[in-house]
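Participant: If you scroll down you'll find the structure; I have some questions about it.
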Amino acid sequence: MATASALEQFVNSVRSLSTSGSFRELAELLPKCSEVLTRNSQHLDNVLETLNVNQHSLGILAVLVAKFSANPQPEQADSLFSQFQDFINDFNVGQVRNATDIFAELCHLFTKWMVERKTVMKGIDVLRKAISRIQTNEAQLTAVHADLCQLCLLSKCLKPALQVLDVDITCILPEYDPPVQGHQFESEHFLRYFYYGGMIYTAVKQYDRALYFYEVALTTPAFAVSHVMLESYKKYILVSLVLHGKVNTLPKYTSQAMMRFIKPLSQTYMDIANAYSSNSITDVQAAVNKHREILERDNNLGLAKQVVASLTKKNIQRLTKTFITLSLSDVASRVQLAGPAEAESLILNMIEDGEIFATINQRDGMVVFNEDPEMYNSPEMLHRLRHEVTYFSF
Amino acid sequence: MTVEDMKVLESDLERQELEAAGGAPLPASVYTQLLAVYLYHNDLCNAKMLWKRIPDSAKLADEELNAVWRIGQRMWQRDLYLVHVALAQTDSWSEPVALIMDALKGQVRSRALELIGSAYSSITVESLARLLGETPAQALASAASQPGWQIVDSNMILPKKPVPPPGPPLTSEDQLDKLTEFVSFLEN
């Protein structure tokens with residue numbers, strides 16, 4: 001039959017090209033066979049059995065892509081998942097690196113399928129393995145990074161993503177050139193990786209690294225503002241307020257399109273930033289309440305509440321610039337807190353977090369603001385300095 | 001349980017959770033232990049995330065899990081007095097969790113003592129008792145046992161800043177190495 005023989009042809013060409021070692025040709029052949037494979041989706045399991053994962057990794061890659069795109073049924077879910085998992089565990093890295101775009105496509109389809117079936121946590125380990133196997137070095141960004149972050153965010157299990165995020169990216173995994181439509185390393189995956197990474201760091205309260213990630217997303221060269229960049233900017237504003245008390249201006253190398261169009265699109269957040277600069281809690285609270293719906297729609301309400309809480313802390317920190325010692329009731333009235341007890345517990349928490357250097361004197365109900373005791377003259381500080389300098393100058 | 005044991009236990013439990021995902025639901029004790037270990041490490045963000053992803057079935061069934069989470073909530077709100085109240089509410093924990101909870105209690109207490117030492121130059125016995133979750137008499141005893149803390153007027157305690165632990169000792173080879181590096185750089 002014509003269709004069966006087309007499938008057989010595919011298997012034969014996979015076999016012959018693999019044994020002859022011409023993987024580049026095979027990689028070019030695969031997109032042309034995708035139609036054949038999707039038409040014969042019911043026979044694909046047989047095809048998988050005839051191919052060996054180590055010798056014919058590219059063939060199996062194409063078959064799996066076809067299986068995922070052919071809208072798999074729920075009953076096949078377990079077998080499909082274990083087929084994907086076996087492939088990721090055993091595929092021949094050298095072969096698949098000739099078709100990294102198809103590999104990325106496979107991982108995207110897998111992620112989409114897991115998200116639709118709402119079994120996100122299961123996919124985390126598999127994707128992590130996929131990333132570590134396809135990378136040539138640890139600091140290389142692949143299109144799969146964004147998918148891993150997406151799964152981690154959806155499943156609320158952030159630690160696996162953090163291990164990947166903590167490694168600074170220095171290069172990108174090259175994808176097949178010339179790109180077949182939709183198969184090149186889309187800037188979308190780059191932007192998504194840094195946007196999701198920023199969100200993950202915000203969730204674990206590592207605000208400075210989150211700010212860095214949002215900034216990378218925002219300073220990507222662009223001719224138009226994408227939705228991801230817009231959302232990154234909104235979160236960038238809020239995290240910048242929490243961390244620094246003001247919105248840092250974007251670096252000079254941000255694209256012109258960004259600089260021109262981003263402000264009108266994020267008016268709500270600029271309002272909150274302006275209210276913040278007045279140092280008045282009532283103003284900021286009013287701004288947040290006014291734009292509550294928009295904040296909720298953007299899923300930024302929690303972050304906005306953290307902004308309001310951080311303003312109180314900033315006000316206390318500003319007091320240290322003016323006063324050496326102050327009574328707790330004065331602190332409470334200046335910063336608009338309920339009473340000296342609340343001021344005391346807030347200052348205690350700030351001391352614990354290292355956000356302020358102060359000593360509370362309960363006998364007189366006073367708080368004494370101290371200087372930063374760090375003299376930067378200890379061996380530990382020297383060791384730390386040397387470590388940070390050598391880390392960035394490899 | 002030593003600090004190393006805790007770290008090993010944490011990664012073990014996390015791996016169990018990832019491997020079991022999508023398959024049979026984990027026994028609630030795994031979640032309880034992992035939640036308690038996160039609280040021990042004062043890793044409140046991860047504890048909150050864990051609570052969000054624990055399936056409702058486990059939350060409804062297991063009372064211990066809810067008890068550990070109540071402690072976690074108080075720690076998130078950073079109210080030491082309420083943390084101690086919550087810790088005192090449950091007396092008997094099941095076997096694997098009991099070890100972690102004991103360690104947690106010790107950690108909470110020593111963190112509180114350190115904080116009080118570095119933050120307060122004078123504190124009333126009542127406040128100290130609140131922050132440590134003890135009666136005033138016990139608080140007086142704790143204060144007396146801390147090095148350098150003075151008790152004045154039978155009501156005021158003057159804590160002293162704790163000395164930070166010394167960093168890792170540099171071997172003399174290391175120091176000689178660095179010294180030669182610097183000197184040769186300067187000489188050239």
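Chains: A, B, ... in order of the structure tokens. Residues: from 1 per chain. Ligands: from 1, in order shown.
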With a cut-off of 8 Å, could you pull out the residues of chain B touching chain A and give me the nearest pair of atoms for each, distance in Å to one decimal, using only C-alpha atoms, ordered by chain and ascending number, as a Markdown table?

Facilitator:
| residue | atom | partner | partner_atom | distance |
| --- | --- | --- | --- | --- |
| B:Leu18 | CA | A:Lys122 | CA | 6.8 |
| B:Glu19 | CA | A:Lys122 | CA | 7.4 |
| B:Ala20 | CA | A:Lys122 | CA | 7.9 |
| B:Ala21 | CA | A:Lys122 | CA | 4.9 |
| B:Gly22 | CA | A:Lys122 | CA | 5.5 |
| B:Cys45 | CA | A:Val204 | CA | 5.3 |
| B:Asn46 | CA | A:Val204 | CA | 7.0 |
| B:Met49 | CA | A:Lys156 | CA | 5.7 |
| B:Leu50 | CA | A:Cys157 | CA | 7.1 |
| B:Lys52 | CA | A:Lys156 | CA | 7.2 |
| B:Arg53 | CA | A:Lys156 | CA | 6.2 |
| B:Arg78 | CA | A:Asn349 | CA | 7.4 |
| B:Leu115 | CA | A:Glu352 | CA | 6.4 |
| B:Ser118 | CA | A:Thr359 | CA | 7.4 |
| B:Ala119 | CA | A:Thr359 | CA | 4.8 |
| B:Tyr120 | CA | A:Ile360 | CA | 4.6 |
| B:Ser121 | CA | A:Asn361 | CA | 5.2 |
| B:Ser122 | CA | A:Asn361 | CA | 4.9 |
| B:Ile123 | CA | A:Gln362 | CA | 5.0 |
| B:Thr124 | CA | A:Gln362 | CA | 6.7 |
| B:Met156 | CA | A:Arg363 | CA | 7.4 |
| B:Gly167 | CA | A:Glu380 | CA | 6.5 |

Participant: When DSSP is applied to the backbone of this structure, which of range 8-188 of chain B are assigned strand (DSSP E)? Write them out as a list of chain:residue names.

Facilitator: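 Here is the list: B:Tyr120, B:Ser121, B:Ser122, B:Ile123, B:Thr124, B:Gln150, B:Ile151, B:Val152, B:Met156, B:Ile157, B:Leu158.
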
Participant: Pull all heavy atoms from the residues just selected and write them as a PDB file, in the first residue's frame.

Facilitator:
ATOM      1  N   TYR B 120      18.968  44.230  71.047  1.00  0.00           N
ATOM      2  CA  TYR B 120      18.536  44.967  72.224  1.00  0.00           C
ATOM      3  C   TYR B 120      19.708  45.346  73.098  1.00  0.00           C
ATOM      4  O   TYR B 120      20.597  44.532  73.330  1.00  0.00           O
ATOM      5  CB  TYR B 120      17.574  44.103  73.058  1.00  0.00           C
ATOM      6  CG  TYR B 120      16.176  44.044  72.504  1.00  0.00           C
ATOM      7  CD1 TYR B 120      15.790  43.021  71.648  1.00  0.00           C
ATOM      8  CD2 TYR B 120      15.242  45.012  72.832  1.00  0.00           C
ATOM      9  CE1 TYR B 120      14.505  42.968  71.141  1.00  0.00           C
ATOM     10  CE2 TYR B 120      13.956  44.965  72.334  1.00  0.00           C
ATOM     11  CZ  TYR B 120      13.602  43.947  71.494  1.00  0.00           C
ATOM     12  OH  TYR B 120      12.331  43.896  71.005  1.00  0.00           O
ATOM     13  N   SER B 121      19.703  46.609  73.582  1.00  0.00           N
ATOM     14  CA  SER B 121      20.685  46.939  74.599  1.00  0.00           C
ATOM     15  C   SER B 121      20.065  46.783  75.984  1.00  0.00           C
ATOM     16  O   SER B 121      20.782  46.645  76.964  1.00  0.00           O
ATOM     17  CB  SER B 121      21.182  48.374  74.413  1.00  0.00           C
ATOM     18  OG  SER B 121      20.104  49.263  74.565  1.00  0.00           O
ATOM     19  N   SER B 122      18.750  46.826  76.080  1.00  0.00           N
ATOM     20  CA  SER B 122      18.107  46.483  77.344  1.00  0.00           C
ATOM     21  C   SER B 122      16.700  46.010  77.032  1.00  0.00           C
ATOM     22  O   SER B 122      16.030  46.559  76.165  1.00  0.00           O
ATOM     23  CB  SER B 122      18.056  47.689  78.285  1.00  0.00           C
ATOM     24  OG  SER B 122      17.164  48.636  77.774  1.00  0.00           O
ATOM     25  N   ILE B 123      16.262  44.980  77.742  1.00  0.00           N
ATOM     26  CA  ILE B 123      14.954  44.388  77.447  1.00  0.00           C
ATOM     27  C   ILE B 123      14.321  43.936  78.741  1.00  0.00           C
ATOM     28  O   ILE B 123      15.008  43.468  79.660  1.00  0.00           O
ATOM     29  CB  ILE B 123      15.121  43.209  76.458  1.00  0.00           C
ATOM     30  CG1 ILE B 123      13.772  42.618  76.086  1.00  0.00           C
ATOM     31  CG2 ILE B 123      16.058  42.152  76.987  1.00  0.00           C
ATOM     32  CD1 ILE B 123      13.834  41.612  74.977  1.00  0.00           C
ATOM     33  N   THR B 124      13.003  44.106  78.864  1.00  0.00           N
ATOM     34  CA  THR B 124      12.331  43.671  80.082  1.00  0.00           C
ATOM     35  C   THR B 124      12.185  42.160  80.070  1.00  0.00           C
ATOM     36  O   THR B 124      12.192  41.520  79.017  1.00  0.00           O
ATOM     37  CB  THR B 124      10.923  44.271  80.188  1.00  0.00           C
ATOM     38  OG1 THR B 124      10.180  43.831  79.041  1.00  0.00           O
ATOM     39  CG2 THR B 124      10.957  45.773  80.248  1.00  0.00           C
ATOM     40  N   GLN B 150      23.684  40.738  81.458  1.00  0.00           N
ATOM     41  CA  GLN B 150      23.565  41.140  82.863  1.00  0.00           C
ATOM     42  C   GLN B 150      22.100  41.272  83.229  1.00  0.00           C
ATOM     43  O   GLN B 150      21.276  41.638  82.391  1.00  0.00           O
ATOM     44  CB  GLN B 150      24.214  42.500  83.064  1.00  0.00           C
ATOM     45  CG  GLN B 150      25.691  42.500  82.861  1.00  0.00           C
ATOM     46  CD  GLN B 150      26.178  43.924  82.856  1.00  0.00           C
ATOM     47  OE1 GLN B 150      25.669  44.757  82.114  1.00  0.00           O
ATOM     48  NE2 GLN B 150      27.130  44.208  83.699  1.00  0.00           N
ATOM     49  N   ILE B 151      21.818  41.028  84.504  1.00  0.00           N
ATOM     50  CA  ILE B 151      20.442  41.218  84.990  1.00  0.00           C
ATOM     51  C   ILE B 151      20.454  42.363  85.977  1.00  0.00           C
ATOM     52  O   ILE B 151      21.242  42.365  86.930  1.00  0.00           O
ATOM     53  CB  ILE B 151      19.923  39.939  85.653  1.00  0.00           C
ATOM     54  CG1 ILE B 151      20.096  38.778  84.687  1.00  0.00           C
ATOM     55  CG2 ILE B 151      18.457  40.107  86.035  1.00  0.00           C
ATOM     56  CD1 ILE B 151      19.519  37.496  85.170  1.00  0.00           C
ATOM     57  N   VAL B 152      19.602  43.333  85.750  1.00  0.00           N
ATOM     58  CA  VAL B 152      19.583  44.553  86.567  1.00  0.00           C
ATOM     59  C   VAL B 152      18.199  44.717  87.165  1.00  0.00           C
ATOM     60  O   VAL B 152      17.205  44.535  86.477  1.00  0.00           O
ATOM     61  CB  VAL B 152      19.923  45.768  85.673  1.00  0.00           C
ATOM     62  CG1 VAL B 152      19.721  47.051  86.422  1.00  0.00           C
ATOM     63  CG2 VAL B 152      21.335  45.654  85.150  1.00  0.00           C
ATOM     64  N   MET B 156      15.174  44.044  84.393  1.00  0.00           N
ATOM     65  CA  MET B 156      15.794  44.416  83.121  1.00  0.00           C
ATOM     66  C   MET B 156      16.937  43.490  82.816  1.00  0.00           C
ATOM     67  O   MET B 156      17.680  43.111  83.716  1.00  0.00           O
ATOM     68  CB  MET B 156      16.393  45.809  83.228  1.00  0.00           C
ATOM     69  CG  MET B 156      15.492  46.918  82.788  1.00  0.00           C
ATOM     70  SD  MET B 156      14.917  46.685  81.120  1.00  0.00           S
ATOM     71  CE  MET B 156      13.612  47.837  81.129  1.00  0.00           C
ATOM     72  N   ILE B 157      17.083  43.182  81.571  1.00  0.00           N
ATOM     73  CA  ILE B 157      18.210  42.347  81.163  1.00  0.00           C
ATOM     74  C   ILE B 157      19.013  43.151  80.149  1.00  0.00           C
ATOM     75  O   ILE B 157      18.448  43.795  79.267  1.00  0.00           O
ATOM     76  CB  ILE B 157      17.704  41.043  80.534  1.00  0.00           C
ATOM     77  CG1 ILE B 157      16.899  40.295  81.565  1.00  0.00           C
ATOM     78  CG2 ILE B 157      18.851  40.188  80.030  1.00  0.00           C
ATOM     79  CD1 ILE B 157      16.196  39.111  81.022  1.00  0.00           C
ATOM     80  N   LEU B 158      20.311  43.106  80.297  1.00  0.00           N
ATOM     81  CA  LEU B 158      21.155  43.815  79.340  1.00  0.00           C
ATOM     82  C   LEU B 158      21.881  42.774  78.501  1.00  0.00           C
ATOM     83  O   LEU B 158      22.897  42.238  78.919  1.00  0.00           O
ATOM     84  CB  LEU B 158      22.184  44.689  80.077  1.00  0.00           C
ATOM     85  CG  LEU B 158      21.568  45.677  81.064  1.00  0.00           C
ATOM     86  CD1 LEU B 158      22.664  46.391  81.842  1.00  0.00           C
ATOM     87  CD2 LEU B 158      20.729  46.701  80.321  1.00  0.00           C
TER      88      LEU B 158
END

Participant: As a list in words, please: the residues near Pro147 in chain B (cut-off 12 Å, only C-alpha atoms, same-chain neighbours under 5 positions excluded).

Facilitator: Leu113, Glu114, Gly117, Ser142, Leu158, Pro159, Lys160, Lys161, Pro162 and Val163 of chain B

Participant: With a distance cut-off of 7 Å and only C-alpha atoms, select the neighbouring residues of range 327-335 of chain A, excluding the residue or stretch itself and same-chain residues fewer than 4 positions from it, and output the selection as a PDB file with C-alpha atoms, in the first residue's frame.

Facilitator:
ATOM      1  CA  THR A 312       7.311  51.720  55.621  1.00  0.00           C
ATOM      2  CA  ASN A 315      10.795  55.468  55.645  1.00  0.00           C
ATOM      3  CA  ILE A 316      12.409  53.963  58.728  1.00  0.00           C
ATOM      4  CA  GLY A 339       2.017  52.305  68.089  1.00  0.00           C
ATOM      5  CA  PRO A 340       5.436  51.866  69.650  1.00  0.00           C
ATOM      6  CA  ALA A 343       7.424  49.978  65.586  1.00  0.00           C
ATOM      7  CA  GLU A 344       9.538  47.811  67.871  1.00  0.00           C
ATOM      8  CA  GLY A 365      11.746  53.045  74.942  1.00  0.00           C
ATOM      9  CA  MET A 366      14.362  54.367  72.514  1.00  0.00           C
ATOM     10  CA  VAL A 367      16.085  53.022  69.461  1.00  0.00           C
TER      11      VAL A 367
END

Participant: With a distance cut-off of 10 Å and only C-alpha atoms, select the neighbouring residues of range 40-50 of chain A, excluding the residue or stretch itself and same-chain residues fewer than 5 positions from it, and output the selection as JSON, numbers by chain.

Facilitator: {"A": [3, 4, 6, 7, 8, 10, 11, 15, 35, 56, 59, 60, 61, 63, 64, 66, 67, 68, 69, 70, 71, 72, 79, 80, 83]}

Participant: Return as a PyMOL selection string the full set of residues in range 9-125 of chain A whose backbone-based DSSP assignment is alpha helix (DSSP H).

Facilitator: chain A and resi 9-20+23-39+44-50+57-69+77-90+93-96+100-117+122-125

Participant: Kindly give the distance, in Å, that separates CA of Ser187 in chain A and CA of Val126 in chain A, rounded to a single decimal.

Facilitator: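 Distance between the two atoms: 23.6 Å.
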
Participant: Please indicate the distance in Å from CA of Met381 in chain A to CA of Leu179 in chain B, rounded to one decimal place.

Facilitator: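 Separation between CA of Met381 in chain A and CA of Leu179 in chain B: 16.3 Å.
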
Participant: Contacts of His84 in chain B at 10 Å or less, counting only C-alpha atoms, minus same-chain residues fewer than 6 places along, as a list in words?

Facilitator: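 Here the qualifying residues turn out to be Ile71, Arg74, Met75, Lys105, Val108, Arg109, Arg130, Leu131, Leu132, Gly133 and Glu134 of chain B.
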
Participant: Quick one: write out the picked residues with C-alpha atoms as a PDB file, in the first residue's frame?

Facilitator:
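Now in again29.pdb:
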ATOM      1  CA  ILE B  71       3.728  26.906  62.748  1.00  0.00           C
ATOM      2  CA  ARG B  74       3.333  32.086  62.274  1.00  0.00           C
ATOM      3  CA  MET B  75       6.964  32.076  61.169  1.00  0.00           C
ATOM      4  CA  LYS B 105      12.443  24.201  68.320  1.00  0.00           C
ATOM      5  CA  VAL B 108      13.935  28.907  66.707  1.00  0.00           C
ATOM      6  CA  ARG B 109      15.158  29.437  70.257  1.00  0.00           C
ATOM      7  CA  ARG B 130       7.346  36.504  75.124  1.00  0.00           C
ATOM      8  CA  LEU B 131      10.057  36.232  72.508  1.00  0.00           C
ATOM      9  CA  LEU B 132      11.369  32.957  73.894  1.00  0.00           C
ATOM     10  CA  GLY B 133       7.980  31.419  74.628  1.00  0.00           C
ATOM     11  CA  GLU B 134       8.855  30.846  78.282  1.00  0.00           C
TER      12      GLU B 134
END

Participant: Taking 4 positions as the minimum chain separation for residues in the same chain, which residues sit within 7 Å of range 134-141 of chain A when counting only C-alpha atoms? Answer as a ChimeraX atom specification.

Facilitator: /A:93,130,145,167-173
